[in-house]
file coords36.txt (compact mmCIF, C-alpha atoms)
# COMPACT_ATOMS: atom_id res chain seq x y z
CA MET O 1 -52.64 -45.10 -19.72
CA ARG O 2 -53.97 -45.46 -23.28
CA ASP O 3 -55.22 -48.85 -24.49
CA GLU O 4 -52.36 -48.98 -27.01
CA ARG O 5 -49.78 -48.60 -24.22
CA ILE O 6 -51.50 -51.28 -22.13
CA GLU O 7 -51.39 -53.66 -25.09
CA GLU O 8 -47.71 -52.81 -25.68
CA LEU O 9 -46.81 -53.67 -22.08
CA GLY O 10 -48.81 -56.89 -22.25
CA GLU O 11 -47.90 -59.16 -19.35
CA ASP O 12 -44.75 -57.23 -18.43
CA HIS O 13 -44.27 -56.82 -14.69
CA ILE O 14 -43.55 -53.11 -14.22
CA GLY O 15 -43.24 -50.74 -11.32
CA THR O 16 -43.23 -46.97 -11.40
CA SER O 17 -42.02 -45.84 -7.98
CA ALA O 18 -40.96 -46.93 -4.50
CA LYS O 19 -44.15 -45.25 -3.31
CA THR O 20 -47.56 -46.87 -3.65
CA PRO O 21 -49.47 -44.95 -6.36
CA LEU O 22 -52.35 -43.32 -4.47
CA ARG O 23 -54.61 -40.48 -5.56
CA ALA O 24 -54.71 -37.31 -3.47
CA ASP O 25 -58.36 -37.99 -2.58
CA ALA O 26 -57.76 -41.61 -1.53
CA PHE O 27 -59.15 -41.05 1.97
CA ASP O 28 -61.85 -38.48 1.30
CA ILE O 29 -64.54 -41.09 1.89
CA SER O 30 -64.92 -43.42 4.87
CA ASP O 31 -64.22 -47.14 4.94
CA GLU O 32 -67.98 -47.75 5.16
CA GLU O 33 -68.55 -45.74 1.98
CA LYS O 34 -65.76 -47.62 0.22
CA ILE O 35 -67.29 -50.96 1.22
CA ALA O 36 -70.68 -49.89 -0.16
CA LYS O 37 -69.18 -48.76 -3.50
CA ILE O 38 -67.00 -51.86 -3.89
CA GLN O 39 -69.97 -54.09 -3.01
CA GLU O 40 -71.95 -52.67 -5.92
CA SER O 41 -68.98 -53.03 -8.26
CA VAL O 42 -68.40 -56.67 -7.31
CA LYS O 43 -72.10 -57.33 -7.84
CA VAL O 44 -71.84 -55.90 -11.37
CA ILE O 45 -68.76 -58.02 -12.12
CA LEU O 46 -70.40 -61.25 -10.96
CA GLU O 47 -73.63 -60.50 -12.80
CA THR O 48 -71.65 -59.68 -15.96
CA LEU O 49 -69.96 -63.08 -15.67
CA GLY O 50 -73.42 -64.64 -15.59
CA MET O 51 -73.54 -65.58 -11.90
CA ASP O 52 -76.96 -65.87 -10.22
CA LEU O 53 -76.69 -63.64 -7.15
CA GLU O 54 -80.07 -64.90 -5.91
CA ASP O 55 -78.42 -68.21 -5.11
CA ASP O 56 -77.93 -68.67 -1.37
CA SER O 57 -74.19 -69.28 -1.83
CA LEU O 58 -73.66 -66.00 -3.70
CA GLN O 59 -76.03 -63.56 -2.04
CA GLY O 60 -73.47 -62.32 0.46
CA THR O 61 -70.42 -62.50 -1.80
CA PRO O 62 -70.30 -58.84 -2.96
CA LYS O 63 -70.37 -57.55 0.62
CA ARG O 64 -67.90 -60.17 1.85
CA VAL O 65 -65.46 -59.26 -0.91
CA ALA O 66 -65.87 -55.52 -0.26
CA LYS O 67 -65.26 -55.91 3.49
CA ALA O 68 -62.25 -58.14 2.89
CA PHE O 69 -60.74 -55.63 0.44
CA VAL O 70 -61.08 -52.64 2.76
CA ASN O 71 -60.52 -54.25 6.18
CA GLU O 72 -58.02 -57.00 5.41
CA ILE O 73 -56.52 -57.57 1.96
CA PHE O 74 -55.81 -53.87 1.25
CA MET O 75 -55.85 -52.45 4.77
CA GLY O 76 -52.23 -51.37 4.34
CA LEU O 77 -53.31 -48.60 1.97
CA ASN O 78 -54.70 -46.63 4.89
CA PRO O 79 -52.03 -44.85 7.00
CA LYS O 80 -54.20 -45.25 10.09
CA HIS O 81 -53.11 -48.90 10.11
CA LYS O 82 -49.38 -48.12 9.99
CA PRO O 83 -47.77 -49.86 12.99
CA LYS O 84 -46.16 -47.67 15.60
CA ALA O 85 -42.56 -48.80 15.37
CA SER O 86 -41.52 -48.22 18.98
CA THR O 87 -37.77 -48.35 19.52
CA PHE O 88 -35.72 -48.74 22.67
CA ASP O 89 -32.18 -47.95 23.72
CA ASN O 90 -29.75 -50.78 23.06
CA ASN O 91 -28.80 -50.97 26.74
CA TYR O 92 -27.23 -54.42 26.43
CA LYS O 93 -24.88 -53.10 23.71
CA TYR O 94 -25.69 -55.87 21.22
CA GLY O 95 -23.50 -55.00 18.25
CA GLU O 96 -24.13 -57.78 15.74
CA MET O 97 -26.90 -57.97 13.17
CA LEU O 98 -30.35 -59.04 14.24
CA VAL O 99 -32.27 -61.16 11.75
CA GLU O 100 -36.00 -61.87 11.74
CA LYS O 101 -36.50 -64.58 9.13
CA ASN O 102 -39.40 -66.42 7.57
CA ILE O 103 -41.92 -63.62 8.08
CA VAL O 104 -45.02 -64.75 6.20
CA VAL O 105 -45.97 -62.48 3.30
CA TYR O 106 -49.51 -62.35 1.94
CA SER O 107 -49.82 -59.63 -0.66
CA THR O 108 -51.65 -58.94 -3.92
CA CYS O 109 -50.16 -58.34 -7.36
CA GLU O 110 -51.33 -54.92 -8.53
CA HIS O 111 -51.36 -56.03 -12.17
CA HIS O 112 -53.88 -58.86 -11.91
CA LEU O 113 -55.11 -58.61 -8.29
CA LEU O 114 -53.97 -62.15 -7.61
CA PRO O 115 -52.14 -63.32 -4.46
CA ILE O 116 -48.43 -63.08 -3.75
CA VAL O 117 -47.42 -65.58 -1.06
CA GLY O 118 -43.96 -66.00 0.41
CA ARG O 119 -41.46 -65.21 3.13
CA ALA O 120 -39.55 -62.09 4.08
CA HIS O 121 -36.23 -61.98 5.91
CA VAL O 122 -35.37 -58.67 7.57
CA ALA O 123 -32.18 -57.66 9.37
CA TYR O 124 -30.60 -54.60 10.92
CA ILE O 125 -27.50 -53.56 12.83
CA SER O 126 -28.23 -51.30 15.78
CA ASN O 127 -26.64 -47.87 16.00
CA GLY O 128 -28.01 -47.38 19.51
CA LYS O 129 -31.69 -48.27 19.00
CA VAL O 130 -33.51 -51.61 18.83
CA ILE O 131 -37.04 -52.39 17.69
CA GLY O 132 -39.52 -54.95 19.02
CA LEU O 133 -39.40 -58.19 17.08
CA SER O 134 -43.14 -58.28 16.37
CA LYS O 135 -42.93 -54.76 14.95
CA MET O 136 -40.75 -56.09 12.15
CA ASN O 137 -43.50 -58.56 11.24
CA ARG O 138 -46.11 -55.81 11.42
CA ILE O 139 -44.12 -53.51 9.14
CA VAL O 140 -43.94 -56.30 6.54
CA GLU O 141 -47.67 -56.97 6.91
CA TYR O 142 -48.60 -53.29 6.60
CA PHE O 143 -46.80 -52.79 3.30
CA ALA O 144 -47.86 -56.21 1.99
CA LYS O 145 -51.57 -55.52 2.54
CA ARG O 146 -52.04 -53.42 -0.56
CA PRO O 147 -51.81 -53.89 -4.32
CA GLN O 148 -48.08 -54.39 -4.75
CA VAL O 149 -45.09 -55.25 -6.82
CA GLN O 150 -42.52 -57.27 -4.93
CA GLU O 151 -39.64 -54.90 -5.68
CA ARG O 152 -41.52 -51.99 -4.14
CA LEU O 153 -42.57 -54.03 -1.12
CA THR O 154 -38.95 -54.96 -0.42
CA MET O 155 -37.83 -51.34 -0.64
CA GLN O 156 -40.70 -50.04 1.49
CA VAL O 157 -39.90 -52.48 4.31
CA VAL O 158 -36.26 -51.38 4.35
CA GLN O 159 -37.14 -47.68 4.20
CA ALA O 160 -39.64 -47.99 7.07
CA MET O 161 -37.08 -49.83 9.22
CA GLN O 162 -34.40 -47.26 8.42
CA GLU O 163 -36.73 -44.44 9.40
CA ALA O 164 -37.75 -46.12 12.65
CA LEU O 165 -34.22 -47.03 13.72
CA GLY O 166 -32.38 -43.98 12.40
CA THR O 167 -29.83 -46.10 10.55
CA GLU O 168 -29.11 -47.12 6.97
CA ASP O 169 -27.97 -50.57 8.14
CA VAL O 170 -31.12 -52.53 7.20
CA ALA O 171 -31.66 -55.36 4.73
CA CYS O 172 -34.62 -57.32 3.39
CA VAL O 173 -34.93 -60.37 1.14
CA ILE O 174 -38.31 -61.65 -0.04
CA ASP O 175 -38.93 -64.99 -1.77
CA ALA O 176 -42.49 -65.33 -3.01
CA LYS O 177 -44.78 -67.06 -5.45
CA HIS O 178 -47.00 -64.93 -7.68
CA LEU O 179 -50.28 -66.55 -8.62
CA CYS O 180 -50.43 -64.33 -11.71
CA VAL O 181 -47.53 -66.51 -12.91
CA ASN O 182 -48.37 -69.77 -11.14
CA SER O 183 -52.12 -70.02 -11.84
CA ARG O 184 -52.57 -68.16 -15.14
CA GLY O 185 -50.54 -67.05 -18.14
CA ILE O 186 -47.53 -69.35 -18.33
CA LYS O 187 -48.86 -71.37 -15.34
CA ASP O 188 -45.41 -72.17 -13.97
CA ILE O 189 -46.21 -73.55 -10.52
CA GLU O 190 -42.57 -74.11 -9.55
CA SER O 191 -41.09 -70.63 -10.03
CA SER O 192 -40.75 -68.01 -7.32
CA THR O 193 -39.43 -64.45 -7.29
CA VAL O 194 -36.59 -63.25 -5.07
CA THR O 195 -35.99 -59.55 -4.38
CA ALA O 196 -33.47 -57.89 -2.09
CA GLU O 197 -32.67 -54.44 -0.75
CA PHE O 198 -29.43 -53.79 1.13
CA GLY O 199 -28.71 -50.57 2.98
CA GLY O 200 -25.61 -49.21 4.72
CA LYS O 201 -23.27 -51.89 6.04
CA PHE O 202 -25.27 -54.61 4.28
CA LYS O 203 -23.83 -53.42 0.97
CA ASP O 204 -20.46 -54.75 2.17
CA ARG O 205 -19.85 -58.17 0.63
CA ASP O 206 -18.97 -59.95 3.91
CA THR O 207 -21.91 -58.48 5.84
CA LYS O 208 -24.27 -59.34 3.01
CA ARG O 209 -22.94 -62.90 2.92
CA GLU O 210 -23.37 -63.26 6.69
CA PHE O 211 -26.99 -62.18 6.42
CA LEU O 212 -27.69 -64.56 3.53
CA ASP O 213 -26.06 -67.41 5.44
CA TYR O 214 -28.28 -66.71 8.45
CA ILE O 215 -31.49 -66.95 6.43
CA LYS O 216 -30.41 -70.34 5.06
CA MET O 217 -30.27 -71.78 8.59
CA ASP O 218 -32.93 -74.32 9.47
CA THR O 219 -34.84 -73.78 12.71
CA PRO O 220 -36.59 -77.04 13.67
CA PHE O 221 -38.93 -77.02 16.65
CA ASP O 222 -39.89 -80.73 16.82
call {"tool": "encode", "arguments": {"input": "coords36.txt", "output": "structure tokens"}}
result
Amino acid sequence: MRDERIEELGEDHIGTSAKTPLRADAFDISDEEKIAKIQESVKVILETLGMDLEDDSLQGTPKRVAKAFVNEIFMGLNPKHKPKASTFDNNYKYGEMLVEKNIVVYSTCEHHLLPIVGRAHVAYISNGKVIGLSKMNRIVEYFAKRPQVQERLTMQVVQAMQEALGTEDVACVIDAKHLCVNSRGIKDIESSTVTAEFGGKFKDRDTKREFLDYIKMDTPFD
């Protein structure tokens, strides 16, 4: 993208596709090689900012950042980490929607590389298959652990669930705070962003309303 186009877009929050934009050679080098390259880049950034990397507190920072990027914060870029979404026959014939709510979301805005923190609510209606509850959390985590836009994340969660379950009847709502809005720029600490994707039966007004009513329910454990 030319500098002029970047300036034209400014702070606009844009997305280009439901797929994460990855180069064809994204996995031609190993994680260890990526960590080494990122380590050197982080070192250059900190030195450019004027930081003294001989200080005891900063000596290990470039490597710590590089390892965190590859192994944790952006681990969802690597398909080897994609959770195996094992499904089972719905032998007990449960025919209502199943909702997994308040799944913690930790992601990273791909425009400023600042955190996105919030909650995801995922639901599906079985057409003969069910999925383990923890797998729903892991699917959210996998797609969150990469540079993201929230709209794409919401769609990717739904698409992965639809593929695993063999049904269009899947929905996801995410409510999250973006630190690129909360901690910089306009610095609005109160605002959050809500995105939703409804598939199959969840496009029906009554089914959608039922799902939204479920995620409003309080679940105290005291």
call {"tool": "residues_around", "arguments": {"input": "coords36.txt", "residues": "Leu165 of chain O", "least_positions_apart": "3", "cutoff": "8 Å", "atoms": "all atoms listed in the file", "output": "number ranges by chain"}}
result
O: 87, 126-127, 129-131, 161-162
call {"tool": "closest_residue", "arguments": {"input": "coords36.txt", "among": "O:Val170, O:Leu58, O:Val104, O:Ile29", "to": "Val140 of chain O", "atoms": "all atoms listed in the file"}}
result
O:Val104
call {"tool": "closest_residue", "arguments": {"input": "coords36.txt", "among": "O:Glu100, O:Glu210, O:Glu110, O:Asp204", "to": "Asn137 of chain O", "atoms": "only C-alpha atoms"}}
result
O:Glu100
call {"tool": "atom_distance", "arguments": {"input": "coords36.txt", "atom1": "atom CA of Phe74 of chain O", "atom2": "atom CA of Ala171 of chain O"}}
result
24.4 Å
call {"tool": "closest_residue", "arguments": {"input": "coords36.txt", "among": "O:Leu114, O:Pro220, O:Ala120, O:Val158", "to": "Asn182 of chain O", "atoms": "all atoms listed in the file"}}
result
O:Leu114
call {"tool": "atom_distance", "arguments": {"input": "coords36.txt", "atom1": "atom CA of Leu77 of chain O", "atom2": "atom CA of Lys145 of chain O"}}
result
7.2 Å
call {"tool": "atom_distance", "arguments": {"input": "coords36.txt", "atom1": "atom CA of Gly166 of chain O", "atom2": "atom CA of Gly128 of chain O"}}
result
9.0 Å
